[in-house]
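As structure tokens, the structure follows; a few thoughts come after it.
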Amino acid sequence: MTDVERKLQERGLSVPVAAKSLADYVPVNRAGNLIFVSGQLPVRDGKLAFEGIVGKDLDVETAKQAAVLCALNILGQLKAAVPSLDRVRCVRLGGFVQSQAGFKDHAAVVNGASELIVFAFGEKGRHARAAVGCSALPLGAAVEVEAIFEVESD
Amino acid sequence: MTDVERKLQERGLSVPVAAKSLADYVPVNRAGNLIFVSGQLPVRDGKLAFEGIVGKDLDVETAKQAAVLCALNILGQLKAAVPSLDRVRCVRLGGFVQSQAGFKDHAAVVNGASELIVFAFGEKGRHARAAVGCSALPLGAAVEVEAIFEVESD
Amino acid sequence: MTDVERKLQERGLSVPVAAKSLADYVPVNRAGNLIFVSGQLPVRDGKLAFEGIVGKDLDVETAKQAAVLCALNILGQLKAAVPSLDRVRCVRLGGFVQSQAGFKDHAAVVNGASELIVFAFGEKGRHARAAVGCSALPLGAAVEVEAIFEVESD
């Protein structure tokens with residue numbers, strides 16, 4: 001077990017089995033030392049767990065849990081693609097929150113993902129980020145998060 | 001003619017002449033081995049060919065054609081910037097679909113672009129991806145797609 | 001003072017002190033020669049200066065000033081993170097404009113940021129770009145801009 005997974009275990013969390021892509025693309029793609037992880041939805045056991053408009057159908061706290069689940073799914077994709085989660089660091093997260101004009105708490109929502117990554121990876125989890133509001137998301141998801149990681153060179 | 005263009009010809013498609021940028025930026029920018037292609041709209045012969053809200057003004061199948069056109073325009077920009085389309089591979093696509101709450105088929109729409117890239121480049125076309133819904137897009141476009149490619153090192 | 005800052009001075013502009021992140025992430029993160037700058041809002045002296053829906057609460061010219069401010073904040077973050085602004089070039093900007101269906105002038109708005117970067121960096125400011133419309137943005141901001149820069153190798 002990697003240090004990252006041991007850390008998650010402290011919170012009773014584990015890295016899920018990587019989900020299949022929704023379409024004709026790959027969940028993880030490496031270019032040089034950068035690893036691009038496709039946008040992950042808050043899916044659990046193959047089912048969308050958080051659907052709807054944040055600030056209307058879901059509150060910020062619930063949406064934050066959706067972002068945590070997106071982050072775990074990112075780790076699931078990474079784990080299936082790299083030799084060890086302990087040999088990568090997080091470069092950037094892109095967070096998309098289904099929300100409407102007047103909603104302002106995107107940072108708090110996407111922070112669910114950011115906190116989890118920083119908790120699991122420590123210093124190597126500190127990442128750049130963009131968080132924005134989307135009028136709609138695939139499957140009706142409340143949140144979507146994509147990531148770029150870097151493989152540590154030897 | 002490159003293998004990529006020969007492959008497109010099988011479907012009666014060709015790589016368009018690169019369109020000019022809408023503003024004060026460049027359509028393609030290289031950093032190391034990565035090539036960043038600016039967001040491309042479904043423009044044909046200098047005119048926006050697919051406008052409006054997907055799921056309302058256009059159906060999914062039509063929007064998928066818009067995504068195909070965006071992907072062709074990405075190839076047009078790339079062709080004007082690199083020595084050969086046969087020496088690059090696709091790293092990531094970002095797909096933006098003009099859509100409103102309740103619309104859930106972003107994956108199917110952006111798949112128009114993903115399928116075309118995989119068809120044209122084969123294994124080298126397999127890419128990471130994020131697909132999201134946007135409340136509005138430049139010129140009123142139904143779809144916008146941006147890309148990162150990687151130049152193969154010798 | 002760097003050449004970049006001297007250039008900004010011609011327009012009476014200066015690079016602001018880097019603002020703190022809204023949440024659990026870092027404003028700037030380097031991977032290899034690439035520097036990822038987190039999404040910056042049109043904040044001045046710690047207060048959001050441009051709020052609302054572009055095309056409704058703000059016109060395009062005002063929103064363009066918001067984009068200029070986002071770009072200045074990007075430079076503020078960069079300045080705090082790199083030895084010299086004169087040793088980096090701009091690779092890509094991502095521009096997010098709070099807007100609703102029917103609004104089409106995203107390119108003009110985000111051009112506020114693009115023009116500033118090109119003005120300040122000259123040839124090294126020419127960047128790839130994606131500009132899209134968002135249903136909502138953090139704090140209710142009218143515009144958000146993120147960036148990737150490249151450190152020039154010796």
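As shown in the structure tokens, the chain order sets the letters A, B, ...; within each chain, residues go from 1, and ligands are also counted from 1 in the order they appear.
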Cys70 (chain B) environment, 12 Å, only C-alpha atoms, sequence neighbours closer than 2 positions dropped, as JSON, numbers by chain: {"B": [15, 16, 18, 19, 37, 38, 39, 40, 41, 42, 43, 44, 48, 49, 50, 63, 64, 65, 66, 67, 68, 72, 73, 74, 75, 76, 77, 93, 94, 95, 96, 97, 109, 110, 111, 112, 113, 114, 116, 117, 141, 142, 143, 144, 145, 146, 147]}
Expected answer as a ChimeraX atom specification: chain C residues within 8 Å of chain A, only C-alpha atoms: /C:22-31,36-39,53,96,134-140,146
Go ahead and write the residues just picked, N, CA and C atoms, as a short mmCIF file (atom, residue, chain, number, x, y, z; two decimals), in the first residue's frame.
```cif
data_model
loop_
_atom_site.label_atom_id
_atom_site.label_comp_id
_atom_site.auth_asym_id
_atom_site.auth_seq_id
_atom_site.Cartn_x
_atom_site.Cartn_y
_atom_site.Cartn_z
N LEU C 22 -8.01 31.74 -2.49
CA LEU C 22 -9.30 31.67 -1.81
C LEU C 22 -9.45 30.39 -1.00
N ALA C 23 -8.58 29.44 -1.25
CA ALA C 23 -8.79 28.15 -0.60
C ALA C 23 -7.50 27.35 -0.55
N ASP C 24 -7.63 26.05 -0.46
CA ASP C 24 -6.52 25.17 -0.15
C ASP C 24 -5.69 24.80 -1.39
N TYR C 25 -5.20 25.81 -2.07
CA TYR C 25 -4.36 25.54 -3.23
C TYR C 25 -3.31 26.64 -3.31
N VAL C 26 -2.40 26.51 -4.25
CA VAL C 26 -1.36 27.53 -4.38
C VAL C 26 -1.60 28.35 -5.64
N PRO C 27 -1.21 29.63 -5.62
CA PRO C 27 -1.49 30.48 -6.79
C PRO C 27 -0.62 30.15 -7.99
N VAL C 28 0.54 29.58 -7.77
CA VAL C 28 1.47 29.30 -8.86
C VAL C 28 2.13 27.96 -8.61
N ASN C 29 2.24 27.14 -9.64
CA ASN C 29 2.87 25.84 -9.47
C ASN C 29 3.71 25.52 -10.71
N ARG C 30 4.95 25.14 -10.49
CA ARG C 30 5.84 24.86 -11.60
C ARG C 30 6.00 23.37 -11.81
N ALA C 31 5.99 22.95 -13.07
CA ALA C 31 6.26 21.55 -13.43
C ALA C 31 7.19 21.59 -14.63
N PHE C 36 2.11 26.98 -13.95
CA PHE C 36 0.65 27.06 -13.97
C PHE C 36 0.20 28.12 -12.96
N VAL C 37 -0.52 29.13 -13.44
CA VAL C 37 -1.04 30.18 -12.57
C VAL C 37 -2.53 29.94 -12.34
N SER C 38 -2.93 29.84 -11.08
CA SER C 38 -4.34 29.59 -10.75
C SER C 38 -5.25 30.68 -11.30
N GLY C 39 -6.50 30.35 -11.50
CA GLY C 39 -7.48 31.32 -12.00
C GLY C 39 -7.50 32.57 -11.13
N ILE C 53 -23.04 39.80 -14.35
CA ILE C 53 -23.18 39.14 -15.65
C ILE C 53 -22.80 40.12 -16.76
N PHE C 96 -12.61 33.05 -18.69
CA PHE C 96 -13.98 32.67 -18.33
C PHE C 96 -14.79 33.94 -18.11
N CYS C 134 -19.37 31.37 -18.70
CA CYS C 134 -19.70 30.62 -17.49
C CYS C 134 -20.99 31.16 -16.89
N SER C 135 -21.81 30.26 -16.38
CA SER C 135 -23.09 30.65 -15.78
C SER C 135 -22.88 31.39 -14.46
N ALA C 136 -21.74 31.16 -13.81
CA ALA C 136 -21.43 31.81 -12.54
C ALA C 136 -19.94 31.67 -12.32
N LEU C 137 -19.37 32.56 -11.50
CA LEU C 137 -17.94 32.50 -11.19
C LEU C 137 -17.74 32.77 -9.70
N PRO C 138 -16.60 32.35 -9.14
CA PRO C 138 -16.34 32.55 -7.71
C PRO C 138 -16.55 34.01 -7.29
N LEU C 139 -17.18 34.23 -6.17
CA LEU C 139 -17.47 35.55 -5.59
C LEU C 139 -18.44 36.38 -6.42
N GLY C 140 -18.91 35.79 -7.53
CA GLY C 140 -19.77 36.55 -8.43
C GLY C 140 -18.98 37.35 -9.46
N GLU C 146 -7.00 32.29 -16.13
CA GLU C 146 -5.88 31.48 -15.66
C GLU C 146 -4.80 31.47 -16.73
#
```
Members of chain C assigned strand (DSSP E or B) by DSSP, as a count of residues only: 47
Given only C-alpha atoms as the counted atoms, nearest of B:Ala71, B:Arg6, B:Leu58, B:Phe121 to Val88 (chain B):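 When distances to Val88 (chain B) are compared using only C-alpha atoms, the smallest one comes from B:Phe121.
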Residue set, region 76-147 of chain A restricted to alpha helix (DSSP H), as a ChimeraX atom specification: /A:76-79,106-121
Could you save those same residues with C-alpha atoms as a PDB file, in the first residue's frame?
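Contents of the output file part.pdb:
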```
ATOM      1  CA  GLY A  76      -8.417   5.775  -8.995  1.00  0.00           C
ATOM      2  CA  GLN A  77      -7.514   6.668 -12.594  1.00  0.00           C
ATOM      3  CA  LEU A  78      -3.976   7.616 -11.608  1.00  0.00           C
ATOM      4  CA  LYS A  79      -3.433   4.419  -9.603  1.00  0.00           C
ATOM      5  CA  HIS A 106     -17.268  27.733  -6.165  1.00  0.00           C
ATOM      6  CA  ALA A 107     -14.030  27.967  -4.181  1.00  0.00           C
ATOM      7  CA  ALA A 108     -15.598  26.273  -1.154  1.00  0.00           C
ATOM      8  CA  VAL A 109     -17.033  23.479  -3.285  1.00  0.00           C
ATOM      9  CA  VAL A 110     -13.884  22.702  -5.264  1.00  0.00           C
ATOM     10  CA  ASN A 111     -11.936  22.910  -2.032  1.00  0.00           C
ATOM     11  CA  GLY A 112     -13.403  19.481  -1.258  1.00  0.00           C
ATOM     12  CA  ALA A 113     -11.113  18.115  -3.968  1.00  0.00           C
ATOM     13  CA  SER A 114      -8.171  20.382  -3.125  1.00  0.00           C
ATOM     14  CA  GLU A 115      -8.193  19.505   0.578  1.00  0.00           C
ATOM     15  CA  LEU A 116      -8.313  15.797  -0.141  1.00  0.00           C
ATOM     16  CA  ILE A 117      -5.351  15.967  -2.513  1.00  0.00           C
ATOM     17  CA  VAL A 118      -3.313  18.067  -0.085  1.00  0.00           C
ATOM     18  CA  PHE A 119      -4.273  15.738   2.793  1.00  0.00           C
ATOM     19  CA  ALA A 120      -3.270  12.632   0.839  1.00  0.00           C
ATOM     20  CA  PHE A 121      -0.092  13.935  -0.817  1.00  0.00           C
TER      21      PHE A 121
END
```
Separation of CA of Val54 (chain A) from CA of Leu69 (chain A), in Å and rounded to one decimal: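 Distance reported for this atom pair: 15.3 Å.
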Distance in Å - CA of Ser14 (chain B) versus CA of Ile35 (chain B):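 Interatomic distance, CA of Ser14 (chain B) to CA of Ile35 (chain B): 21.1 Å.
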